[in-house]
file structure33.pdb (PDB, C-alpha atoms)
ATOM      1  CA  MET A   1     -15.775 -10.526  12.926
ATOM      2  CA  ILE A   2     -13.078  -8.631  11.012
ATOM      3  CA  VAL A   3     -11.306 -10.423   8.167
ATOM      4  CA  ILE A   4      -7.775  -9.299   7.321
ATOM      5  CA  THR A   5      -6.215 -10.174   3.982
ATOM      6  CA  ALA A   6      -2.431 -10.032   3.396
ATOM      7  CA  PRO A   7      -1.780 -10.128   7.171
ATOM      8  CA  THR A   8       1.951 -10.775   6.814
ATOM      9  CA  GLY A   9       2.602  -7.883   4.418
ATOM     10  CA  ASN A  10       3.905  -4.414   5.218
ATOM     11  CA  ILE A  11       0.501  -2.908   5.948
ATOM     12  CA  GLY A  12      -1.377  -6.017   7.053
ATOM     13  CA  SER A  13       1.147  -6.999   9.714
ATOM     14  CA  HIS A  14       0.965  -3.549  11.305
ATOM     15  CA  LEU A  15      -2.833  -3.583  11.085
ATOM     16  CA  LEU A  16      -3.129  -7.014  12.663
ATOM     17  CA  SER A  17      -0.801  -6.040  15.503
ATOM     18  CA  ARG A  18      -2.813  -2.872  16.117
ATOM     19  CA  LEU A  19      -6.142  -4.719  16.129
ATOM     20  CA  LEU A  20      -4.817  -7.360  18.511
ATOM     21  CA  ARG A  21      -3.911  -4.543  20.909
ATOM     22  CA  SER A  22      -6.988  -2.374  20.562
ATOM     23  CA  ALA A  23      -9.990  -4.392  19.357
ATOM     24  CA  PRO A  24     -12.619  -5.098  22.017
ATOM     25  CA  ALA A  25     -12.791  -8.646  23.319
ATOM     26  CA  GLU A  26     -16.022  -9.423  21.445
ATOM     27  CA  GLU A  27     -14.439  -8.511  18.084
ATOM     28  CA  GLY A  28     -13.263 -11.682  16.345
ATOM     29  CA  LEU A  29     -10.249 -11.540  14.036
ATOM     30  CA  ARG A  30      -9.827 -13.840  11.037
ATOM     31  CA  VAL A  31      -6.877 -13.778   8.657
ATOM     32  CA  VAL A  32      -6.418 -15.144   5.146
ATOM     33  CA  VAL A  33      -2.826 -16.236   4.573
ATOM     34  CA  ARG A  34      -1.073 -18.540   2.124
ATOM     35  CA  ASP A  35       1.488 -19.727   4.681
ATOM     36  CA  PRO A  36       0.309 -19.655   8.315
ATOM     37  CA  ALA A  37       3.883 -20.338   9.448
ATOM     38  CA  ARG A  38       4.702 -16.736   8.538
ATOM     39  CA  LEU A  39       2.445 -15.566  11.356
ATOM     40  CA  PRO A  40       4.137 -15.288  14.769
ATOM     41  CA  ASP A  41       3.105 -18.049  17.179
ATOM     42  CA  GLU A  42       1.451 -15.587  19.562
ATOM     43  CA  VAL A  43      -0.648 -14.230  16.674
ATOM     44  CA  ARG A  44      -1.786 -17.647  15.425
ATOM     45  CA  GLU A  45      -3.048 -18.421  18.906
ATOM     46  CA  ARG A  46      -5.322 -15.353  18.923
ATOM     47  CA  VAL A  47      -6.849 -15.320  15.442
ATOM     48  CA  GLU A  48      -8.820 -17.653  13.211
ATOM     49  CA  VAL A  49      -6.693 -18.674  10.244
ATOM     50  CA  ILE A  50      -8.006 -19.377   6.742
ATOM     51  CA  THR A  51      -5.211 -20.894   4.652
ATOM     52  CA  GLY A  52      -4.958 -20.003   0.986
ATOM     53  CA  SER A  53      -5.022 -17.122  -1.471
ATOM     54  CA  HIS A  54      -7.689 -14.441  -1.131
ATOM     55  CA  GLY A  55      -7.959 -14.569  -4.909
ATOM     56  CA  ASP A  56      -9.367 -18.113  -4.657
ATOM     57  CA  PRO A  57     -13.200 -18.298  -4.758
ATOM     58  CA  GLU A  58     -13.374 -21.158  -2.250
ATOM     59  CA  VAL A  59     -11.032 -19.407   0.175
ATOM     60  CA  VAL A  60     -12.894 -16.090   0.221
ATOM     61  CA  ASP A  61     -16.218 -17.916   0.463
ATOM     62  CA  ARG A  62     -15.016 -19.505   3.718
ATOM     63  CA  ALA A  63     -13.284 -16.355   4.937
ATOM     64  CA  PHE A  64     -16.231 -14.000   4.472
ATOM     65  CA  ALA A  65     -18.870 -16.217   6.092
ATOM     66  CA  ASP A  66     -20.306 -14.344   9.105
ATOM     67  CA  ALA A  67     -17.894 -11.456   8.532
ATOM     68  CA  ASP A  68     -18.893  -7.936   9.509
ATOM     69  CA  ALA A  69     -15.908  -6.163   7.939
ATOM     70  CA  VAL A  70     -13.037  -6.977   5.583
ATOM     71  CA  PHE A  71      -9.643  -5.371   5.107
ATOM     72  CA  TRP A  72      -8.867  -5.800   1.417
ATOM     73  CA  LEU A  73      -5.367  -5.518  -0.010
ATOM     74  CA  VAL A  74      -4.308  -6.972  -3.351
ATOM     75  CA  PRO A  75      -0.648  -8.020  -3.598
ATOM     76  CA  PRO A  76       0.114  -6.975  -7.200
ATOM     77  CA  ASP A  77       1.200  -9.900  -9.355
ATOM     78  CA  SER A  78       3.778  -8.703 -11.864
ATOM     79  CA  SER A  79       3.209 -11.789 -14.012
ATOM     80  CA  LEU A  80      -0.254 -10.478 -14.976
ATOM     81  CA  SER A  81      -1.691  -7.447 -16.710
ATOM     82  CA  PRO A  82      -2.776  -4.616 -14.371
ATOM     83  CA  GLU A  83      -6.478  -5.403 -14.917
ATOM     84  CA  ALA A  84      -5.962  -9.074 -14.128
ATOM     85  CA  ALA A  85      -3.743  -8.305 -11.136
ATOM     86  CA  TYR A  86      -6.298  -5.987  -9.531
ATOM     87  CA  SER A  87      -9.887  -6.465 -10.719
ATOM     88  CA  GLY A  88      -9.323 -10.024 -11.920
ATOM     89  CA  PHE A  89      -7.926 -11.017  -8.539
ATOM     90  CA  THR A  90     -10.777  -9.212  -6.728
ATOM     91  CA  ARG A  91     -13.782 -10.593  -8.640
ATOM     92  CA  PRO A  92     -14.160 -13.771  -6.525
ATOM     93  CA  ALA A  93     -14.041 -11.634  -3.377
ATOM     94  CA  ALA A  94     -16.662  -9.242  -4.758
ATOM     95  CA  GLN A  95     -18.987 -12.179  -5.353
ATOM     96  CA  ALA A  96     -18.353 -13.518  -1.844
ATOM     97  CA  LEU A  97     -18.940 -10.100  -0.262
ATOM     98  CA  ALA A  98     -22.372  -9.945  -1.870
ATOM     99  CA  ALA A  99     -23.220 -13.582  -1.162
ATOM    100  CA  HIS A 100     -22.429 -13.275   2.550
ATOM    101  CA  GLY A 101     -23.847  -9.783   3.055
ATOM    102  CA  VAL A 102     -20.608  -8.354   4.424
ATOM    103  CA  GLY A 103     -21.327  -4.859   5.724
ATOM    104  CA  HIS A 104     -18.058  -2.939   5.477
ATOM    105  CA  VAL A 105     -14.862  -3.132   3.410
ATOM    106  CA  VAL A 106     -11.718  -1.054   3.876
ATOM    107  CA  GLY A 107      -9.293  -1.323   0.969
ATOM    108  CA  VAL A 108      -5.839  -0.024   0.139
ATOM    109  CA  SER A 109      -5.842   2.033  -3.034
ATOM    110  CA  ALA A 110      -4.221   5.130  -4.498
ATOM    111  CA  LEU A 111      -4.586   8.845  -4.967
ATOM    112  CA  GLY A 112      -5.598  10.244  -8.327
ATOM    113  CA  ARG A 113      -9.349   9.793  -8.718
ATOM    114  CA  GLY A 114     -10.815  12.781 -10.504
ATOM    115  CA  THR A 115      -7.494  14.118 -11.790
ATOM    116  CA  PRO A 116      -6.888  14.667 -15.523
ATOM    117  CA  VAL A 117      -4.328  11.840 -15.611
ATOM    118  CA  ALA A 118      -6.304   9.220 -13.658
ATOM    119  CA  ASP A 119      -7.380   7.237 -16.714
ATOM    120  CA  ARG A 120      -3.794   6.883 -17.973
ATOM    121  CA  ALA A 121      -2.102   6.187 -14.663
ATOM    122  CA  GLY A 122      -1.286   2.504 -15.181
ATOM    123  CA  LEU A 123      -1.405   0.560 -11.924
ATOM    124  CA  VAL A 124      -3.272   3.390 -10.220
ATOM    125  CA  ALA A 125      -6.002   3.311 -12.875
ATOM    126  CA  ALA A 126      -6.278  -0.448 -12.299
ATOM    127  CA  SER A 127      -6.520   0.081  -8.535
ATOM    128  CA  LEU A 128      -9.287   2.667  -8.920
ATOM    129  CA  ALA A 129     -11.222   0.255 -11.158
ATOM    130  CA  MET A 130     -10.853  -2.376  -8.433
ATOM    131  CA  ASP A 131     -12.354   0.070  -5.922
ATOM    132  CA  ASP A 132     -15.338   0.557  -8.208
ATOM    133  CA  LEU A 133     -15.778  -3.213  -8.459
ATOM    134  CA  VAL A 134     -15.870  -3.610  -4.670
ATOM    135  CA  ALA A 135     -18.241  -0.667  -4.242
ATOM    136  CA  SER A 136     -20.585  -2.123  -6.892
ATOM    137  CA  THR A 137     -21.393  -5.014  -4.517
ATOM    138  CA  GLY A 138     -23.344  -2.611  -2.294
ATOM    139  CA  VAL A 139     -21.040  -2.875   0.741
ATOM    140  CA  ALA A 140     -20.107   0.225   2.676
ATOM    141  CA  HIS A 141     -16.660   0.835   1.224
ATOM    142  CA  ARG A 142     -13.739   3.096   2.053
ATOM    143  CA  ALA A 143     -10.669   3.128  -0.192
ATOM    144  CA  LEU A 144      -7.570   4.360   1.602
ATOM    145  CA  ALA A 145      -6.192   6.702  -1.067
ATOM    146  CA  CYS A 146      -2.448   6.526  -0.589
ATOM    147  CA  PRO A 147       0.545   8.203  -2.223
ATOM    148  CA  SER A 148       3.941   6.533  -2.563
ATOM    149  CA  PHE A 149       5.168   4.764   0.575
ATOM    150  CA  PHE A 150       8.353   5.616   2.467
ATOM    151  CA  GLU A 151       8.935   1.865   2.451
ATOM    152  CA  ASN A 152       9.508   1.888  -1.310
ATOM    153  CA  LEU A 153      12.946   3.279  -0.500
ATOM    154  CA  LEU A 154      13.897   0.003   1.186
ATOM    155  CA  GLU A 155      14.285  -1.400  -2.329
ATOM    156  CA  GLU A 156      17.110   1.136  -2.713
ATOM    157  CA  ALA A 157      18.879   0.216   0.548
ATOM    158  CA  ASP A 158      21.784  -1.560  -1.175
ATOM    159  CA  SER A 159      22.311   1.310  -3.604
ATOM    160  CA  ILE A 160      22.149   3.866  -0.803
ATOM    161  CA  ARG A 161      24.636   1.857   1.256
ATOM    162  CA  GLU A 162      27.083   1.115  -1.541
ATOM    163  CA  ASN A 163      26.776   4.148  -3.824
ATOM    164  CA  GLY A 164      24.919   6.820  -1.868
ATOM    165  CA  VAL A 165      22.290   6.941  -4.617
ATOM    166  CA  PHE A 166      18.541   6.369  -4.940
ATOM    167  CA  THR A 167      16.524   6.611  -8.147
ATOM    168  CA  ASP A 168      13.033   7.415  -9.367
ATOM    169  CA  LEU A 169      11.447   8.820 -12.511
ATOM    170  CA  VAL A 170      10.033  12.137 -11.285
ATOM    171  CA  ASP A 171      11.599  15.585 -11.382
ATOM    172  CA  ALA A 172      13.958  16.178  -8.466
ATOM    173  CA  ASP A 173      11.912  19.155  -7.285
ATOM    174  CA  ARG A 174       8.466  17.570  -7.726
ATOM    175  CA  LYS A 175       6.882  17.727  -4.276
ATOM    176  CA  ALA A 176       4.241  15.122  -3.482
ATOM    177  CA  PRO A 177       2.751  13.451  -0.422
ATOM    178  CA  MET A 178       4.452  10.336   0.957
ATOM    179  CA  VAL A 179       3.327   8.098   3.795
ATOM    180  CA  ALA A 180       4.536   5.409   6.189
ATOM    181  CA  VAL A 181       2.725   2.069   6.118
ATOM    182  CA  THR A 182       2.131   2.317   9.866
ATOM    183  CA  ASP A 183      -0.055   5.373   9.241
ATOM    184  CA  ILE A 184      -2.066   3.480   6.623
ATOM    185  CA  ALA A 185      -2.576   0.629   9.079
ATOM    186  CA  ALA A 186      -3.761   3.089  11.742
ATOM    187  CA  ALA A 187      -6.315   4.596   9.356
ATOM    188  CA  ALA A 188      -7.553   1.125   8.399
ATOM    189  CA  ALA A 189      -7.900   0.057  12.040
ATOM    190  CA  ALA A 190      -9.952   3.134  12.922
ATOM    191  CA  LEU A 191     -12.410   2.461  10.086
ATOM    192  CA  LEU A 192     -12.676  -1.260  10.793
ATOM    193  CA  LEU A 193     -13.423  -0.729  14.477
ATOM    194  CA  ASP A 194     -15.914   2.133  14.032
ATOM    195  CA  ARG A 195     -18.361   0.814  11.464
ATOM    196  CA  THR A 196     -20.886   3.625  11.706
ATOM    197  CA  TRP A 197     -20.013   4.933   8.218
ATOM    198  CA  THR A 198     -22.077   4.158   5.153
ATOM    199  CA  GLY A 199     -21.850   4.418   1.389
ATOM    200  CA  ALA A 200     -18.720   4.398  -0.728
ATOM    201  CA  GLY A 201     -15.859   6.863  -0.687
ATOM    202  CA  SER A 202     -12.153   7.385  -0.245
ATOM    203  CA  VAL A 203     -10.026   8.415   2.729
ATOM    204  CA  PRO A 204      -6.742  10.121   1.804
ATOM    205  CA  VAL A 205      -3.718   9.232   3.943
ATOM    206  CA  LEU A 206      -1.071  11.770   2.958
ATOM    207  CA  GLY A 207       1.711  11.692   5.525
ATOM    208  CA  PRO A 208       2.611  14.919   7.355
ATOM    209  CA  ARG A 209       3.954  16.987   4.418
ATOM    210  CA  ASP A 210       4.807  16.923   0.724
ATOM    211  CA  LEU A 211       8.376  15.973  -0.173
ATOM    212  CA  SER A 212      10.463  16.056  -3.345
ATOM    213  CA  PRO A 213      13.286  13.650  -4.214
ATOM    214  CA  ALA A 214      15.666  16.520  -3.409
ATOM    215  CA  ASP A 215      14.068  16.771   0.049
ATOM    216  CA  LEU A 216      14.430  13.025   0.550
ATOM    217  CA  ALA A 217      18.111  13.133  -0.391
ATOM    218  CA  ARG A 218      18.774  15.985   2.039
ATOM    219  CA  ILE A 219      16.938  14.289   4.912
ATOM    220  CA  MET A 220      18.571  10.911   4.287
ATOM    221  CA  THR A 221      21.989  12.602   4.230
ATOM    222  CA  GLU A 222      21.229  14.206   7.590
ATOM    223  CA  GLN A 223      19.756  11.131   9.250
ATOM    224  CA  LEU A 224      22.193   8.533   7.891
ATOM    225  CA  GLY A 225      25.284  10.681   8.411
ATOM    226  CA  ARG A 226      26.533  10.056   4.875
ATOM    227  CA  PRO A 227      25.938  11.719   1.497
ATOM    228  CA  VAL A 228      22.862  10.528  -0.410
ATOM    229  CA  ARG A 229      21.880  11.898  -3.811
ATOM    230  CA  TYR A 230      19.010  11.414  -6.227
ATOM    231  CA  GLU A 231      19.390  10.243  -9.811
ATOM    232  CA  ARG A 232      16.469  10.525 -12.190
ATOM    233  CA  GLN A 233      15.983   7.362 -14.236
ATOM    234  CA  SER A 234      14.522   7.401 -17.736
ATOM    235  CA  TYR A 235      11.221   5.712 -18.537
ATOM    236  CA  ASP A 236      12.909   3.603 -21.221
ATOM    237  CA  ASP A 237      15.611   2.411 -18.837
ATOM    238  CA  LEU A 238      13.043   1.392 -16.221
ATOM    239  CA  HIS A 239      10.925  -0.409 -18.820
ATOM    240  CA  SER A 240      13.914  -2.342 -20.153
ATOM    241  CA  ALA A 241      15.162  -3.260 -16.688
ATOM    242  CA  LEU A 242      11.807  -4.582 -15.486
ATOM    243  CA  VAL A 243      11.099  -6.542 -18.669
ATOM    244  CA  GLY A 244      14.599  -7.960 -18.339
ATOM    245  CA  HIS A 245      13.683  -9.238 -14.880
ATOM    246  CA  GLY A 246      10.801 -11.226 -16.391
ATOM    247  CA  LEU A 247       7.836  -9.029 -15.446
ATOM    248  CA  ASP A 248       4.753  -9.100 -17.659
ATOM    249  CA  GLU A 249       5.135  -6.385 -20.293
ATOM    250  CA  ALA A 250       1.639  -4.980 -19.689
ATOM    251  CA  PHE A 251       2.359  -4.789 -15.953
ATOM    252  CA  VAL A 252       5.669  -3.034 -16.648
ATOM    253  CA  GLN A 253       3.875  -0.522 -18.846
ATOM    254  CA  GLY A 254       1.436  -0.018 -15.973
ATOM    255  CA  ILE A 255       4.341   0.883 -13.674
ATOM    256  CA  VAL A 256       5.835   3.275 -16.231
ATOM    257  CA  ASP A 257       2.456   4.932 -16.880
ATOM    258  CA  MET A 258       1.905   5.314 -13.122
ATOM    259  CA  LYS A 259       5.313   6.957 -12.687
ATOM    260  CA  ARG A 260       4.671   9.317 -15.592
ATOM    261  CA  ALA A 261       1.261  10.251 -14.165
ATOM    262  CA  LYS A 262       2.815  10.963 -10.767
ATOM    263  CA  ASP A 263       5.249  13.352 -12.419
ATOM    264  CA  ASP A 264       2.216  15.009 -14.077
ATOM    265  CA  GLY A 265       0.528  15.651 -10.729
ATOM    266  CA  LEU A 266      -1.461  12.456 -10.112
ATOM    267  CA  ASP A 267      -1.018  12.718  -6.329
ATOM    268  CA  ALA A 268      -1.822  16.450  -6.142
ATOM    269  CA  GLY A 269      -5.579  16.172  -6.551
ATOM    270  CA  VAL A 270      -6.491  16.051  -2.848
ATOM    271  CA  PRO A 271      -6.079  19.111  -0.623
ATOM    272  CA  ARG A 272      -4.049  18.558   2.505
ATOM    273  CA  THR A 273      -6.045  18.952   5.706
ATOM    274  CA  ASP A 274      -5.566  17.974   9.331
ATOM    275  CA  GLU A 275      -7.788  14.956   8.665
ATOM    276  CA  SER A 276      -5.896  13.771   5.576
ATOM    277  CA  SER A 277      -2.430  14.301   7.092
ATOM    278  CA  SER A 278      -0.904  11.464   9.093
ATOM    279  CA  PRO A 279       1.761  11.750  11.785
ATOM    280  CA  THR A 280       4.888   9.754  10.890
ATOM    281  CA  THR A 281       7.587  12.073   9.494
ATOM    282  CA  PHE A 282      10.214  11.000   6.997
ATOM    283  CA  GLU A 283      12.876  11.893   9.554
ATOM    284  CA  GLN A 284      11.329   9.501  12.089
ATOM    285  CA  TRP A 285      11.005   6.774   9.471
ATOM    286  CA  CYS A 286      14.651   7.149   8.434
ATOM    287  CA  VAL A 287      15.822   6.668  12.012
ATOM    288  CA  GLN A 288      13.486   3.787  12.823
ATOM    289  CA  VAL A 289      13.427   1.844   9.533
ATOM    290  CA  LEU A 290      15.856   3.004   6.845
ATOM    291  CA  LYS A 291      18.924   3.530   8.997
ATOM    292  CA  PRO A 292      18.987  -0.054  10.328
ATOM    293  CA  ALA A 293      18.457  -1.384   6.791
ATOM    294  CA  VAL A 294      21.288   0.688   5.319
ATOM    295  CA  LEU A 295      23.865   0.689   8.109
ATOM    296  CA  THR A 296      23.607  -2.885   9.383
TER     297      THR A 296
END

call {"tool": "encode", "arguments": {"input": "structure33.pdb", "output": "structure tokens"}}
result
Amino acid sequence: MIVITAPTGNIGSHLLSRLLRSAPAEEGLRVVVRDPARLPDEVRERVEVITGSHGDPEVVDRAFADADAVFWLVPPDSSLSPEAAYSGFTRPAAQALAAHGVGHVVGVSALGRGTPVADRAGLVAASLAMDDLVASTGVAHRALACPSFFENLLEEADSIRENGVFTDLVDADRKAPMVAVTDIAAAAAALLLDRTWTGAGSVPVLGPRDLSPADLARIMTEQLGRPVRYERQSYDDLHSALVGHGLDEAFVQGIVDMKRAKDDGLDAGVPRTDESSSPTTFEQWCVQVLKPAVLT
């Protein structure tokens, strides 16, 4: 039995679809979802559904009973502090993992462990602490150590369409890994289906190559057939904008600290290898995902 949290999210939906296609018949699939109606009808017919939040002690107690493996993804809650949003949300699950003797957990986390800026990296520091909490239960644990997602650019689709502009806080020439959520889902599926691994560790998922904002602008211009440029936002402007939208101030500071750490090399601590590189290129992603969002 594999339990999948956040099965309707960006990563979870791709993971669930992949497991439904490739898992052997004897492998049961159980999902934890707040609103089962968000699952497609054909999916609900093939999985066991536990309704509720996977931050609820009663829900995870039911979900983890008889489970062999769990896919763990925390949807960050911007109304909470980073510690509460990550480790606070995960504590009931950690207790349930130990109580039910779950063997394996695959979680979505971040790059940066072991770098000089890891302890001041805001949301990333909170995510790494969450990994340590899960590993402390004694389960075999793999944290998928991810850089920024291509999909983050979907938040800029309106600006790209209307103004030909996207923003971030890092230097325009700062190259860093980036990854598509489909590649993260593929890495998670491989670990969940082959549970021969033991101990605790991380698995970097780096995308095919490092890219700078200048690279992204050039590729988007080519693939969208219209000029796209990068504008660097200030930390103060981002902080003010997010607080103005009602986000918890500690969470906002966590975002700002994460962005600053990324510009200081947070994502550069893992060497790129064939094993850590994943296949989906930014060019492919632009054609398949960004272009329909911007041009339709």

call {"tool": "closest_residue", "arguments": {"input": "structure33.pdb", "among": "A:Thr221, A:Thr281, A:Ser17, A:Ser212", "to": "A:Val294", "atoms": "only C-alpha atoms"}}
result
A:Thr221

call {"tool": "atom_distance", "arguments": {"input": "structure33.pdb", "atom1": "atom CA of A:Ala180", "atom2": "atom CA of A:Gly12"}}
result
12.9 Å

call {"tool": "residues_near_point", "arguments": {"input": "structure33.pdb", "point": "(-0.5, 10.3, -9.3)", "cutoff": "10 Å", "atoms": "only C-alpha atoms", "output": "VMD selection string"}}
result
chain A and resid 110 to 113 115 to 118 120 to 122 124 to 125 146 to 148 176 to 177 257 to 269

call {"tool": "resolve_selection", "arguments": {"input": "structure33.pdb", "expression": "the PyMOL selection byres ((chain A and resi 68) around 7)", "output": "ChimeraX atom specification"}}
result
/A:1-2,66-67,69,102-104

call {"tool": "atom_distance", "arguments": {"input": "structure33.pdb", "atom1": "atom CA of A:Pro227", "atom2": "atom CA of A:Ala172"}}
result
16.2 Å

call {"tool": "residues_around", "arguments": {"input": "structure33.pdb", "residues": "A:Ala23", "least_positions_apart": "3", "cutoff": "12 Å", "atoms": "all atoms listed in the file", "output": "list in words"}}
result
Met1, Ile2, Leu15, Leu16, Ser17, Arg18, Leu19, Leu20, Glu26, Glu27, Gly28, Leu29, Arg46, Ala189, Ala190, Leu191, Leu192, Leu193 and Asp194 of chain A

call {"tool": "residues_around", "arguments": {"input": "structure33.pdb", "residues": "A:Cys286", "least_positions_apart": "6", "cutoff": "9 Å", "atoms": "all atoms listed in the file", "output": "PyMOL selection string"}}
result
chain A and resi 150+219-220+223-224+292

call {"tool": "closest_residue", "arguments": {"input": "structure33.pdb", "among": "A:Leu206, A:Ile255, A:Ile4, A:Ala129", "to": "A:Ala84", "atoms": "all atoms listed in the file"}}
result
A:Ala129

call {"tool": "atom_distance", "arguments": {"input": "structure33.pdb", "atom1": "atom CA of A:Ser78", "atom2": "atom CA of A:Val134"}}
result
21.5 Å

call {"tool": "closest_residue", "arguments": {"input": "structure33.pdb", "among": "A:His141, A:Ser53, A:Leu242, A:Met178", "to": "A:Thr196", "atoms": "all atoms listed in the file"}}
result
A:His141
